[in-house]
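Engineer: Next comes the structure file structure-v7.txt, holding compact mmCIF, C-alpha atoms.
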```txt
# COMPACT_ATOMS: atom_id res chain seq x y z
CA MET A 201 -15.08 -37.17 20.16
CA SER A 202 -15.74 -40.64 21.54
CA SER A 203 -14.19 -42.49 18.62
CA TRP A 204 -10.99 -44.48 18.54
CA TYR A 205 -9.84 -42.93 15.26
CA PHE A 206 -10.59 -39.34 16.20
CA ASP A 207 -9.45 -39.23 19.82
CA LEU A 208 -6.98 -36.40 19.25
CA GLU A 209 -5.78 -36.42 22.86
CA LEU A 210 -4.81 -40.08 22.51
CA LEU A 211 -3.18 -39.46 19.13
CA GLY A 212 -1.28 -36.50 20.51
CA GLY A 213 0.09 -38.71 23.25
CA TYR A 214 1.45 -41.19 20.74
CA PHE A 215 3.30 -38.47 18.86
CA GLY A 216 4.17 -36.34 21.91
CA GLU A 217 7.39 -36.20 23.90
CA ARG A 218 6.26 -38.79 26.46
CA ARG A 219 5.03 -41.38 23.86
CA VAL A 220 2.03 -42.41 25.99
CA TYR A 221 0.90 -45.98 25.42
CA HIS A 222 -2.11 -47.68 26.96
CA HIS A 223 -3.28 -50.06 24.24
CA THR A 224 -2.51 -50.95 20.64
CA ALA A 225 -3.58 -48.18 18.33
CA PRO A 226 -4.61 -48.56 14.68
CA ILE A 227 -1.06 -47.70 13.60
CA THR A 228 -1.64 -47.77 9.84
CA ALA A 229 -4.57 -45.37 10.22
CA ILE A 230 -2.53 -43.00 12.40
CA VAL A 231 0.47 -43.04 10.07
CA GLY A 232 -1.84 -42.62 7.07
CA LEU A 233 -3.51 -39.63 8.68
CA ALA A 234 -0.13 -38.08 9.48
CA GLU A 235 1.01 -38.52 5.85
CA ALA A 236 -2.27 -37.15 4.48
CA LEU A 237 -1.99 -34.06 6.68
CA ARG A 238 1.65 -33.60 5.63
CA ARG A 239 0.56 -33.61 1.97
CA VAL A 240 -2.25 -31.14 2.64
CA GLU A 241 0.16 -28.80 4.40
CA GLU A 242 2.76 -29.16 1.63
CA GLU A 243 0.30 -28.38 -1.16
CA GLY A 244 -1.62 -25.70 0.72
CA MET A 245 -5.37 -25.67 1.28
CA ASP A 246 -6.19 -23.09 -1.40
CA ALA A 247 -4.22 -24.95 -4.07
CA ARG A 248 -5.70 -28.27 -2.97
CA ALA A 249 -9.27 -26.94 -3.11
CA ALA A 250 -8.62 -25.44 -6.56
CA ARG A 251 -7.19 -28.77 -7.80
CA HIS A 252 -10.31 -30.61 -6.61
CA ARG A 253 -12.61 -28.08 -8.32
CA ALA A 254 -10.63 -28.32 -11.57
CA ALA A 255 -10.62 -32.13 -11.52
CA SER A 256 -14.37 -32.17 -10.90
CA ALA A 257 -15.10 -29.82 -13.80
CA TYR A 258 -12.77 -31.82 -16.05
CA SER A 259 -14.44 -35.06 -15.01
CA ILE A 260 -17.92 -33.74 -15.77
CA ALA A 261 -16.79 -32.50 -19.19
CA GLN A 262 -14.96 -35.71 -20.13
CA LEU A 263 -17.72 -38.02 -18.93
CA GLY A 264 -20.24 -35.80 -20.69
CA ARG A 265 -18.64 -36.85 -23.98
CA LEU A 266 -19.69 -40.43 -23.10
CA GLY A 267 -23.29 -39.49 -22.30
CA PHE A 268 -23.04 -38.98 -18.53
CA ALA A 269 -24.69 -35.94 -16.96
CA PRO A 270 -24.35 -34.48 -13.45
CA LEU A 271 -27.22 -35.34 -11.12
CA VAL A 272 -26.84 -32.17 -9.05
CA ALA A 273 -26.99 -28.53 -10.14
CA ALA A 274 -23.59 -26.84 -10.24
CA GLU A 275 -24.21 -24.65 -7.19
CA HIS A 276 -24.87 -27.73 -5.01
CA ARG A 277 -22.08 -30.05 -6.17
CA LEU A 278 -19.20 -31.31 -4.07
CA PRO A 279 -15.98 -31.21 -6.10
CA MET A 280 -14.68 -34.38 -4.47
CA LEU A 281 -17.66 -36.55 -5.44
CA ASN A 282 -19.46 -36.39 -8.75
CA ALA A 283 -22.89 -38.02 -8.83
CA MET A 284 -23.39 -38.74 -12.54
CA LEU A 285 -26.56 -39.88 -14.29
CA LEU A 286 -25.78 -42.91 -16.42
CA PRO A 287 -26.11 -43.05 -20.19
CA ASP A 288 -28.87 -45.39 -21.41
CA ARG A 289 -26.30 -47.76 -22.87
CA ILE A 290 -24.73 -48.46 -19.47
CA VAL A 291 -28.16 -48.85 -17.84
CA ARG A 292 -29.19 -51.37 -20.53
CA GLU A 293 -25.93 -53.28 -20.24
CA GLY A 294 -26.24 -53.42 -16.47
CA GLU A 295 -24.33 -50.73 -14.67
CA ALA A 296 -23.08 -53.08 -11.95
CA ALA A 297 -21.50 -55.32 -14.60
CA VAL A 298 -19.70 -52.35 -16.14
CA ARG A 299 -18.46 -51.23 -12.71
CA ARG A 300 -17.26 -54.78 -12.00
CA ARG A 301 -15.26 -54.83 -15.26
CA LEU A 302 -13.74 -51.44 -14.44
CA LEU A 303 -12.57 -52.86 -11.13
CA ASP A 304 -11.44 -56.29 -12.36
CA ARG A 305 -9.77 -55.22 -15.60
CA HIS A 306 -8.57 -51.70 -14.80
CA GLY A 307 -8.34 -51.47 -11.00
CA ILE A 308 -10.83 -48.58 -10.98
CA GLU A 309 -13.59 -48.60 -8.39
CA VAL A 310 -16.71 -46.52 -8.95
CA GLY A 311 -19.60 -46.36 -6.48
CA GLY A 312 -23.09 -47.20 -7.61
CA GLY A 313 -26.19 -45.28 -6.71
CA LEU A 314 -27.92 -45.89 -3.39
CA GLY A 315 -31.61 -46.17 -2.57
CA LYS A 316 -33.85 -44.71 -5.27
CA LEU A 317 -30.75 -43.83 -7.31
CA ALA A 318 -29.47 -47.43 -7.48
CA GLY A 319 -28.90 -48.37 -11.11
CA ARG A 320 -29.34 -44.75 -12.26
CA ILE A 321 -26.16 -42.98 -11.12
CA TRP A 322 -22.51 -43.55 -10.36
CA ARG A 323 -20.68 -41.83 -7.53
CA ILE A 324 -17.22 -40.96 -8.81
CA GLY A 325 -14.75 -39.96 -6.13
CA LEU A 326 -12.09 -37.35 -6.82
CA MET A 327 -10.55 -37.13 -3.39
CA GLY A 328 -6.99 -36.35 -2.39
CA GLU A 329 -4.47 -37.74 -4.85
CA ASN A 330 -7.27 -38.90 -7.17
CA ALA A 331 -8.31 -35.32 -7.87
CA ARG A 332 -6.15 -35.06 -10.98
CA GLU A 333 -6.90 -34.86 -14.70
CA ALA A 334 -4.66 -37.88 -15.36
CA ILE A 335 -6.87 -40.01 -13.08
CA VAL A 336 -9.99 -38.83 -14.91
CA ASP A 337 -8.28 -39.70 -18.21
CA GLU A 338 -7.63 -43.23 -16.91
CA LEU A 339 -11.30 -43.67 -16.02
CA VAL A 340 -12.48 -42.34 -19.38
CA ALA A 341 -10.03 -44.56 -21.30
CA ALA A 342 -11.15 -47.61 -19.30
CA LEU A 343 -14.81 -46.79 -19.92
CA GLU A 344 -14.19 -46.34 -23.64
CA ALA A 345 -12.45 -49.71 -23.76
CA GLU A 346 -15.30 -51.44 -21.90
CA LEU A 347 -18.01 -49.84 -24.04
CA ARG A 348 -16.46 -50.81 -27.39
```
In structure tokens, how does this file's structure come out?
Structural biologist:
Amino acid sequence: MSSWYFDLELLGGYFGERRVYHHTAPITAIVGLAEALRRVEEEGMDARAARHRAASAYSIAQLGRLGFAPLVAAEHRLPMLNAMLLPDRIVREGEAAVRRRLLDRHGIEVGGGLGKLAGRIWRIGLMGENAREAIVDELVAALEAELR
């Protein structure tokens, strides 16, 4: 692949026996990738996939209590990204303002809708270490606090 970040031959040279060097690499990205792969290997792919599916289902159920609904039918969903239709209350209040408060007050970033879905959905990522019920609980608690 003709991309700096995904040139596996180049990356292999950095970690290989000869420690090939021809220009400064994005070290934090390489070390981050190595750590991410170590965690995937440690947990195991089947367990990791199951954890993502469970976190997604839990997220949909918990957000459903607040009036959110999944945009996509169950058979087409990605467990690591929930596209959720917004409750009327959040639309009326201004969804971008609610997302800004989640970020500023709680350190939680949620993606807004894009294109025709702007202002109508949120894209809630449950990737890697964020695919845990405790993370979903933090989001729900922050939303409850902001909607009081």
Engineer: Leaving out region 276-280 of chain A and any residue of its chain fewer than 6 positions from it, which residues lie within 10 Å of it when counting all atoms listed in the file, given as a ChimeraX atom specification?
Structural biologist: /A:249-257,259,270,324-328,330-331
Engineer: Compute the distance from (-19.5, -46.2, -3.8) to each atom, counting only C-alpha atoms, keep the residues with any atom at most 12 Å away, and return them as a PyMOL selection string; use the coordinates of the file.
Structural biologist: chain A and resi 281-283+296+299+308-314+318+321-326
Engineer: Write the residues you've just listed into a file as an mmCIF file, in the coordinates of the input, and include C-alpha atoms for each of them.
Structural biologist:
```cif
data_model
loop_
_atom_site.group_PDB
_atom_site.id
_atom_site.type_symbol
_atom_site.label_atom_id
_atom_site.label_comp_id
_atom_site.auth_asym_id
_atom_site.auth_seq_id
_atom_site.Cartn_x
_atom_site.Cartn_y
_atom_site.Cartn_z
ATOM 1 C CA LEU A 281 -17.660 -36.550 -5.440
ATOM 2 C CA ASN A 282 -19.460 -36.390 -8.750
ATOM 3 C CA ALA A 283 -22.890 -38.020 -8.830
ATOM 4 C CA ALA A 296 -23.080 -53.080 -11.950
ATOM 5 C CA ARG A 299 -18.460 -51.230 -12.710
ATOM 6 C CA ILE A 308 -10.830 -48.580 -10.980
ATOM 7 C CA GLU A 309 -13.590 -48.600 -8.390
ATOM 8 C CA VAL A 310 -16.710 -46.520 -8.950
ATOM 9 C CA GLY A 311 -19.600 -46.360 -6.480
ATOM 10 C CA GLY A 312 -23.090 -47.200 -7.610
ATOM 11 C CA GLY A 313 -26.190 -45.280 -6.710
ATOM 12 C CA LEU A 314 -27.920 -45.890 -3.390
ATOM 13 C CA ALA A 318 -29.470 -47.430 -7.480
ATOM 14 C CA ILE A 321 -26.160 -42.980 -11.120
ATOM 15 C CA TRP A 322 -22.510 -43.550 -10.360
ATOM 16 C CA ARG A 323 -20.680 -41.830 -7.530
ATOM 17 C CA ILE A 324 -17.220 -40.960 -8.810
ATOM 18 C CA GLY A 325 -14.750 -39.960 -6.130
ATOM 19 C CA LEU A 326 -12.090 -37.350 -6.820
#
```
Engineer: Using all atoms listed in the file, find each residue of region 230-307 of chain A with at least one atom at most 12 Å away from an atom of region 207-215 of chain A; report its shortest atom-to-atom pair and that distance in Å (one decimal), sort the rows by chain and rising residue number, and return the result as a tab-separated table.
Structural biologist:
```
residue	atom	partner	partner_atom	distance
A:Ile230	CA	A:Leu211	CA	7.6
A:Val231	CA	A:Phe215	CA	10.3
A:Leu233	CA	A:Leu211	CA	10.5
A:Ala234	CA	A:Phe215	CA	10.0
```
Engineer: How about saving the chosen residues, C-alpha atoms kept, as an mmCIF file, in the frame of the given file?
Structural biologist:
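Written output follows (out27.cif):
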```
data_model
loop_
_atom_site.group_PDB
_atom_site.id
_atom_site.type_symbol
_atom_site.label_atom_id
_atom_site.label_comp_id
_atom_site.auth_asym_id
_atom_site.auth_seq_id
_atom_site.Cartn_x
_atom_site.Cartn_y
_atom_site.Cartn_z
ATOM 1 C CA ILE A 230 -2.530 -43.000 12.400
ATOM 2 C CA VAL A 231 0.470 -43.040 10.070
ATOM 3 C CA LEU A 233 -3.510 -39.630 8.680
ATOM 4 C CA ALA A 234 -0.130 -38.080 9.480
#
```
Engineer: Just to confirm, what's the straight-line distance from CA of Ala269 (chain A) to CA of Asp337 (chain A) in Å (one decimal)?
Structural biologist: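 Taking CA of Ala269 (chain A) as the start and CA of Asp337 (chain A) as the end point, the length is 16.9 Å.
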Engineer: Tell me, in Å to one decimal, how far CA of Gly319 (chain A) is from CA of Ala297 (chain A).
Structural biologist: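 Taking CA of Gly319 (chain A) and CA of Ala297 (chain A), their separation equals 10.7 Å.
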Engineer: So which residues touch Phe268 (chain A) within 7 Å, counting all atoms listed in the file, skipping near sequence neighbours fewer than 5 positions away, as a PDB file with C-alpha atoms, in the frame of the given file?
Structural biologist:
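Wrote out.pdb, looks like this:
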```pdb
ATOM      1  CA  LEU A 263     -17.720 -38.020 -18.930  1.00  0.00           C
ATOM      2  CA  MET A 284     -23.390 -38.740 -12.540  1.00  0.00           C
ATOM      3  CA  LEU A 285     -26.560 -39.880 -14.290  1.00  0.00           C
ATOM      4  CA  LEU A 286     -25.780 -42.910 -16.420  1.00  0.00           C
ATOM      5  CA  PRO A 287     -26.110 -43.050 -20.190  1.00  0.00           C
TER       6      PRO A 287
END
```
Engineer: Point out the residue among A:Gly232, A:Gly315, A:Glu338, A:Leu347 with the least atom-to-atom distance to Gly294 (chain A), counting all atoms listed in the file.
Structural biologist: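 Ranking A:Gly232, A:Gly315, A:Glu338, A:Leu347 by distance to Gly294 (chain A), first place goes to A:Leu347.
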Engineer: Near Arg265 (chain A), within 12 Å and counting all atoms listed in the file, which residues show up once chain neighbours fewer than 5 positions away are dropped, as a count of residues only?
Structural biologist: 8
Engineer: Please measure the separation of CA of Glu275 (chain A) and CA of Ala247 (chain A), giving the value in Å to one decimal.
Structural biologist: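 Here the two named atoms are 20.2 Å from each other.
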Engineer: Which residues are close to Glu346 (chain A), i.e. within 8 Å by only C-alpha atoms, leaving aside same-chain residues fewer than 3 positions away? Reply as an mmCIF file with C-alpha atoms, in the frame of the given file.
Structural biologist:
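What ended up in selection38.cif:
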```
data_model
loop_
_atom_site.group_PDB
_atom_site.id
_atom_site.type_symbol
_atom_site.label_atom_id
_atom_site.label_comp_id
_atom_site.auth_asym_id
_atom_site.auth_seq_id
_atom_site.Cartn_x
_atom_site.Cartn_y
_atom_site.Cartn_z
ATOM 1 C CA VAL A 298 -19.700 -52.350 -16.140
ATOM 2 C CA ARG A 301 -15.260 -54.830 -15.260
ATOM 3 C CA LEU A 302 -13.740 -51.440 -14.440
ATOM 4 C CA ALA A 342 -11.150 -47.610 -19.300
ATOM 5 C CA LEU A 343 -14.810 -46.790 -19.920
#
```
Engineer: Write a file for region 269-308 of chain A of the given structure; include N, CA and C atoms and format it as a CSV table (one decimal), in the first residue's frame.
Structural biologist:
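The resulting file, part_37.csv, is reproduced below:
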```csv
chain,number,residue,atom,x,y,z
A,269,ALA,N,-33.0,5.7,19.1
A,269,ALA,CA,-33.4,4.5,18.3
A,269,ALA,C,-32.3,4.2,17.3
A,270,PRO,N,-32.0,3.0,17.0
A,270,PRO,CA,-31.0,2.7,16.0
A,270,PRO,C,-31.5,3.1,14.6
A,271,LEU,N,-30.6,3.7,13.8
A,271,LEU,CA,-30.9,4.1,12.5
A,271,LEU,C,-31.0,2.9,11.5
A,272,VAL,N,-30.2,1.9,11.8
A,272,VAL,CA,-30.0,0.8,10.9
A,272,VAL,C,-30.6,-0.5,11.4
A,273,ALA,N,-31.2,-1.3,10.6
A,273,ALA,CA,-31.7,-2.6,11.0
A,273,ALA,C,-30.6,-3.5,11.6
A,274,ALA,N,-31.0,-4.3,12.5
A,274,ALA,CA,-30.0,-5.1,13.3
A,274,ALA,C,-29.1,-5.9,12.4
A,275,GLU,N,-29.6,-6.5,11.3
A,275,GLU,CA,-28.7,-7.3,10.4
A,275,GLU,C,-27.7,-6.5,9.6
A,276,HIS,N,-27.8,-5.2,9.7
A,276,HIS,CA,-26.8,-4.4,8.9
A,276,HIS,C,-26.0,-3.5,9.8
A,277,ARG,N,-26.1,-3.6,11.1
A,277,ARG,CA,-25.3,-2.8,12.0
A,277,ARG,C,-23.9,-3.2,12.2
A,278,LEU,N,-23.0,-2.2,12.4
A,278,LEU,CA,-21.6,-2.5,12.8
A,278,LEU,C,-21.6,-2.4,14.3
A,279,PRO,N,-21.1,-3.4,15.0
A,279,PRO,CA,-21.0,-3.3,16.5
A,279,PRO,C,-20.1,-2.2,17.0
A,280,MET,N,-19.2,-1.7,16.2
A,280,MET,CA,-18.3,-0.7,16.7
A,280,MET,C,-18.7,0.7,16.5
A,281,LEU,N,-19.9,0.9,15.8
A,281,LEU,CA,-20.4,2.2,15.6
A,281,LEU,C,-21.9,2.2,15.5
A,282,ASN,N,-22.5,2.8,16.5
A,282,ASN,CA,-24.0,2.8,16.5
A,282,ASN,C,-24.4,4.2,16.0
A,283,ALA,N,-25.2,4.1,14.9
A,283,ALA,CA,-25.8,5.3,14.4
A,283,ALA,C,-27.2,5.4,15.0
A,284,MET,N,-27.4,6.4,15.8
A,284,MET,CA,-28.7,6.5,16.6
A,284,MET,C,-29.5,7.7,16.3
A,285,LEU,N,-30.8,7.4,15.9
A,285,LEU,CA,-31.7,8.5,15.7
A,285,LEU,C,-31.9,9.3,17.0
A,286,LEU,N,-31.9,10.6,17.0
A,286,LEU,CA,-32.0,11.4,18.2
A,286,LEU,C,-33.4,11.6,18.7
A,287,PRO,N,-33.6,11.6,20.0
A,287,PRO,CA,-34.9,12.0,20.5
A,287,PRO,C,-35.3,13.4,20.2
A,288,ASP,N,-36.6,13.7,20.1
A,288,ASP,CA,-37.0,15.0,19.7
A,288,ASP,C,-36.4,16.1,20.6
A,289,ARG,N,-36.3,15.8,21.9
A,289,ARG,CA,-35.9,16.8,22.9
A,289,ARG,C,-34.4,17.2,22.5
A,290,ILE,N,-33.6,16.3,22.1
A,290,ILE,CA,-32.2,16.7,21.8
A,290,ILE,C,-32.2,17.5,20.5
A,291,VAL,N,-33.1,17.1,19.5
A,291,VAL,CA,-33.2,17.9,18.3
A,291,VAL,C,-33.6,19.3,18.5
A,292,ARG,N,-34.6,19.5,19.4
A,292,ARG,CA,-35.2,20.8,19.7
A,292,ARG,C,-34.1,21.6,20.4
A,293,GLU,N,-33.4,21.0,21.3
A,293,GLU,CA,-32.4,21.7,22.1
A,293,GLU,C,-31.2,22.1,21.3
A,294,GLY,N,-31.0,21.4,20.2
A,294,GLY,CA,-29.8,21.6,19.3
A,294,GLY,C,-28.8,20.6,19.6
A,295,GLU,N,-28.8,19.6,18.8
A,295,GLU,CA,-27.9,18.4,19.1
A,295,GLU,C,-26.5,18.8,19.2
A,296,ALA,N,-26.0,19.7,18.4
A,296,ALA,CA,-24.6,20.1,18.4
A,296,ALA,C,-24.2,20.7,19.8
A,297,ALA,N,-25.2,21.5,20.4
A,297,ALA,CA,-24.9,22.1,21.7
A,297,ALA,C,-24.8,21.0,22.8
A,298,VAL,N,-25.7,19.9,22.7
A,298,VAL,CA,-25.6,18.8,23.6
A,298,VAL,C,-24.3,18.1,23.5
A,299,ARG,N,-23.9,17.8,22.2
A,299,ARG,CA,-22.6,17.2,22.0
A,299,ARG,C,-21.4,18.0,22.6
A,300,ARG,N,-21.5,19.3,22.4
A,300,ARG,CA,-20.4,20.2,22.9
A,300,ARG,C,-20.4,20.1,24.4
A,301,ARG,N,-21.5,20.1,25.1
A,301,ARG,CA,-21.5,20.0,26.6
A,301,ARG,C,-21.0,18.6,27.0
A,302,LEU,N,-21.3,17.6,26.3
A,302,LEU,CA,-20.8,16.2,26.6
A,302,LEU,C,-19.2,16.3,26.5
A,303,LEU,N,-18.7,16.9,25.5
A,303,LEU,CA,-17.3,17.0,25.4
A,303,LEU,C,-16.6,17.9,26.4
A,304,ASP,N,-17.2,19.1,26.6
A,304,ASP,CA,-16.6,20.1,27.5
A,304,ASP,C,-16.7,19.7,29.0
A,305,ARG,N,-17.9,19.2,29.3
A,305,ARG,CA,-18.1,18.9,30.8
A,305,ARG,C,-17.8,17.5,31.2
A,306,HIS,N,-17.8,16.6,30.2
A,306,HIS,CA,-17.6,15.2,30.6
A,306,HIS,C,-16.5,14.5,29.8
A,307,GLY,N,-15.9,15.2,28.9
A,307,GLY,CA,-14.8,14.6,28.1
A,307,GLY,C,-15.2,13.4,27.2
A,308,ILE,N,-16.5,13.5,26.8
A,308,ILE,CA,-17.1,12.4,25.9
A,308,ILE,C,-17.4,13.1,24.6
```
